[in-house]
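S.K.: I'd like to ask you about the structure that follows.
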Protein chains: 2
Amino acid sequence: MTKKIGIVGYGNLGRGAALALQAAPDMELAAIFTRRSPALLAQKVQADIGTALPVASSDEAPQWQGKLDALILCGGSATDLPQHTPHFAAMFNVVDSFDTHARIPEHFAAVDAAARQGGHIAVISAGWDPGMFSLNRLYASALLPEGAEYTFWGRGVSQGHSDAIRRIAGVKNAKQYTVPVESAMQAVRSGAIPQLTTRQKHTRECFVVLETGADAARVEHDIKTMPNYFADYDTSVTFIDEETFAREHAGMAHGGVVLRSGKTGAGNQHVIEYRLTLGSNPEFTASVLVACARAACRLASEGKSGGCTMFDIAPAYLSEKSGEQLRAALL
Amino acid sequence: MTKKIGIVGYGNLGRGAALALQAAPDMELAAIFTRRSPALLAQKVQADIGTALPVASSDEAPQWQGKLDALILCGGSATDLPQHTPHFAAMFNVVDSFDTHARIPEHFAAVDAAARQGGHIAVISAGWDPGMFSLNRLYASALLPEGAEYTFWGRGVSQGHSDAIRRIAGVKNAKQYTVPVESAMQAVRSGAIPQLTTRQKHTRECFVVLETGADAARVEHDIKTMPNYFADYDTSVTFIDEETFAREHAGMAHGGVVLRSGKTGAGNQHVIEYRLTLGSNPEFTASVLVACARAACRLASEGKSGGCTMFDIAPAYLSEKSGEQLRAALL
């Protein structure tokens, strides 16, 4: 039976989820919910997907209860998901990509309570970090308990750091790239277990468009000395014009590496490395959400309910193939 | 409650499992079963582990029913495990590292039937390939359904190819290293989806000690033209003396890479890479077996029974930490 999936929110992530659902033979995009004008969005969706789809106001979602197998929540972590995920988990099986690491325990608690009450499955924090990187930290630490773990991000845009630069007076636009320090990654790969400071792991590259008449030296100083965001890093600031910004900094590539170096038994050294090189951060994140929506349907069909993460999902549940097919083809 | 674990077989893998259990705070090595002399093995185990442990004849294992939470089966895939795993799965929760890929479906069927009848959990084919590499093939194919997958092995010793060389007349001893072709891996990493022949993926390096008077040219020809094993590869043969063999080819390092390159949505290209660099093939495999024994205990405590693989194990079950700890620390 094809699973009927809904999407809440149609920014880069929601669009990525809509496209990923087209590639999934066992799922069908049945509805998109939006706070924007449904009529206007329907035209955009038709242009993206190539087929007419029901687009409805988010307020109408409750009327879809019983008609959808799962909802993929594509709002932002700052303000949307803390509201959306508990709200919708009371009515539907849901999946989100909540990525504010420090607030995951409280988000999990709120979502778990709502999902249990509604008798639904709610998968939170699916994506690549949190998500696939978290899984790899877990697998590697379970296999090499005596060891050290390193996560390197980039090269890719940090939305939070770009926003922080844009809040500085005189800045018209900005993109910040997080760049891993290659020599630090090589040191870990070699089997060494280095103690790395924040500065030794990543550098930060800022591309900034100034407002007319803004003081470049002051802006650069304000960026490089900003606590938490830049003060602890080697930061470069490059001023560019708007045309260059639009031409060279529109991409959404990202990625990174999770490394664990550890010892077993008689002192033998092992290194586990997981690396993602992503052409599109939102499209890859959306692909993870779609696979987790499949798993949510499967868990719900077994009568399970409550909050969970990718830690709690048997890998086979992410695939549309049967256990027999998977054992024959991939084991 | 500390889980009581038994080990069947004490070769390199069994010894690795015994050492890995020492590093697991939630498990206790309670018994080792052997076909050798239990008294002699007990001395060796005490030297390895630093503590006296019950070592018993494999024939006595049935008397331990109800006293062990899981058994780790450390026999070989060719003849031991096809017998051992169904036999012991009828009496205990078990984990094996059965690695004859082509025979996994029939092994699974036999083990599943025995485990169901006994009401136990049996995890088969745990290790790194099959095992962690299989998991990564599964995750990557679920996330990038439109793509191609590549597994490269090495540099490391292939036991099967070493054995094949030793069967040639005139060969006293031999080690065969499987070596991945770096340029082929780089091509995949770059985002290309190359069609790679067997020859383009791996080379084979053979180190051979000859019997006195053996014809080196004939041995080299017999190796390089051997169907299935060497004929489809670029193979090098180096003749060495016994001292060099003992000094330079005793290591058990291995590893490899699973790569998947694929596209999403609007044609964005992604590459997922999982790489293992293992100082000791048997010790790392044993670490996976120990983590899976933990998961087997957990699944059994939920009332589940039957055969399964790492595909069916929620990642959290491999860790001794609670869901709350994992979400706070690793998500």
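Identifiers in this document derive from the order of the structure tokens: chains are assigned A, B, ..., residues are numbered from 1 separately in each chain, and ligands are numbered from 1 in order of occurrence.
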Kindly provide, as an MDAnalysis selection string, the residues of chain A having any atom no farther than 6 Å from an atom of chain B, counting only C-alpha atoms.
M.R.: chainID A and resid 19 130 134 142:143 265 268:279 287:288 311:316 319 330:331
S.K.: Do a neighbour search on Gln195 (chain A) at 12 Å with only C-alpha atoms, toss out local chain neighbours closer than 6 positions, and write the hits as number ranges by chain.
M.R.: A: 148-150, 184-185, 187-188, 201
S.K.: Could you pull the residues within 8 Å of Val8 (chain A), counting only C-alpha atoms, minus those fewer than 4 positions along the same chain, as a ChimeraX atom specification?
M.R.: /A:14,32-34,58,71-75
S.K.: Between CA of Gln176 (chain A) and CA of Arg199 (chain A), measure the distance and give it in Å to one decimal.
M.R.: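 The value is 15.9 Å.
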S.K.: Contacts of Thr238 (chain A) at 9 Å or less, counting only C-alpha atoms, minus same-chain residues fewer than 5 places along, as a list in words?
M.R.: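 The filter keeps Glu205, Cys206, Phe207, Val208, Val209 and Glu220 of chain A.
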S.K.: Using the selection just defined, write its residues with all heavy atoms as a PDB file, in the first residue's frame.
M.R.:
```pdb
ATOM      1  N   GLU A 205      35.092  31.598   6.975  1.00  0.00           N
ATOM      2  CA  GLU A 205      35.271  32.513   5.845  1.00  0.00           C
ATOM      3  C   GLU A 205      33.977  33.295   5.645  1.00  0.00           C
ATOM      4  O   GLU A 205      32.922  32.698   5.440  1.00  0.00           O
ATOM      5  CB  GLU A 205      35.594  31.734   4.560  1.00  0.00           C
ATOM      6  CG  GLU A 205      36.901  30.966   4.620  1.00  0.00           C
ATOM      7  CD  GLU A 205      37.162  30.160   3.349  1.00  0.00           C
ATOM      8  OE1 GLU A 205      36.390  30.299   2.366  1.00  0.00           O
ATOM      9  OE2 GLU A 205      38.126  29.388   3.350  1.00  0.00           O
ATOM     10  N   CYS A 206      34.114  34.636   5.696  1.00  0.00           N
ATOM     11  CA  CYS A 206      32.922  35.492   5.598  1.00  0.00           C
ATOM     12  C   CYS A 206      32.970  36.299   4.300  1.00  0.00           C
ATOM     13  O   CYS A 206      33.991  36.917   3.996  1.00  0.00           O
ATOM     14  CB  CYS A 206      32.863  36.457   6.778  1.00  0.00           C
ATOM     15  SG  CYS A 206      33.089  35.637   8.373  1.00  0.00           S
ATOM     16  N   PHE A 207      31.865  36.305   3.566  1.00  0.00           N
ATOM     17  CA  PHE A 207      31.730  37.111   2.355  1.00  0.00           C
ATOM     18  C   PHE A 207      30.614  38.112   2.608  1.00  0.00           C
ATOM     19  O   PHE A 207      29.472  37.717   2.884  1.00  0.00           O
ATOM     20  CB  PHE A 207      31.465  36.220   1.147  1.00  0.00           C
ATOM     21  CG  PHE A 207      32.640  35.334   0.841  1.00  0.00           C
ATOM     22  CD1 PHE A 207      32.810  34.122   1.505  1.00  0.00           C
ATOM     23  CD2 PHE A 207      33.605  35.746  -0.063  1.00  0.00           C
ATOM     24  CE1 PHE A 207      33.919  33.321   1.252  1.00  0.00           C
ATOM     25  CE2 PHE A 207      34.720  34.951  -0.326  1.00  0.00           C
ATOM     26  CZ  PHE A 207      34.879  33.742   0.329  1.00  0.00           C
ATOM     27  N   VAL A 208      30.978  39.407   2.544  1.00  0.00           N
ATOM     28  CA  VAL A 208      30.099  40.455   3.052  1.00  0.00           C
ATOM     29  C   VAL A 208      29.856  41.515   1.988  1.00  0.00           C
ATOM     30  O   VAL A 208      30.799  41.989   1.346  1.00  0.00           O
ATOM     31  CB  VAL A 208      30.715  41.120   4.311  1.00  0.00           C
ATOM     32  CG1 VAL A 208      29.830  42.246   4.824  1.00  0.00           C
ATOM     33  CG2 VAL A 208      30.960  40.071   5.394  1.00  0.00           C
ATOM     34  N   VAL A 209      28.574  41.891   1.810  1.00  0.00           N
ATOM     35  CA  VAL A 209      28.212  43.040   0.978  1.00  0.00           C
ATOM     36  C   VAL A 209      27.883  44.188   1.941  1.00  0.00           C
ATOM     37  O   VAL A 209      27.030  44.025   2.827  1.00  0.00           O
ATOM     38  CB  VAL A 209      26.977  42.734   0.098  1.00  0.00           C
ATOM     39  CG1 VAL A 209      26.645  43.930  -0.792  1.00  0.00           C
ATOM     40  CG2 VAL A 209      27.207  41.476  -0.733  1.00  0.00           C
ATOM     41  N   GLU A 220      34.670  44.584   9.792  1.00  0.00           N
ATOM     42  CA  GLU A 220      35.575  43.437   9.901  1.00  0.00           C
ATOM     43  C   GLU A 220      35.945  43.187  11.364  1.00  0.00           C
ATOM     44  O   GLU A 220      35.956  42.035  11.823  1.00  0.00           O
ATOM     45  CB  GLU A 220      36.832  43.672   9.057  1.00  0.00           C
ATOM     46  CG  GLU A 220      37.804  42.502   9.144  1.00  0.00           C
ATOM     47  CD  GLU A 220      38.877  42.517   8.066  1.00  0.00           C
ATOM     48  OE1 GLU A 220      38.744  43.251   7.069  1.00  0.00           O
ATOM     49  OE2 GLU A 220      39.860  41.768   8.232  1.00  0.00           O
TER      50      GLU A 220
END
```
S.K.: What gap, in Å, lies between CA of Thr100 (chain B) and CA of Phe152 (chain B)?
M.R.: 17.1 Å
S.K.: Based on the backbone DSSP call, show me all residues of region 193-289 of chain B assigned strand (DSSP E or B), as number ranges by chain.
M.R.: B: 202-210, 234-239, 254-264, 268-278
S.K.: Choose the residue, out of B:Leu13, B:Ala70, B:Ala109, B:Val171, that has the smallest atom-to-atom separation from Ile121 (chain B); count only C-alpha atoms.
M.R.: B:Ala70
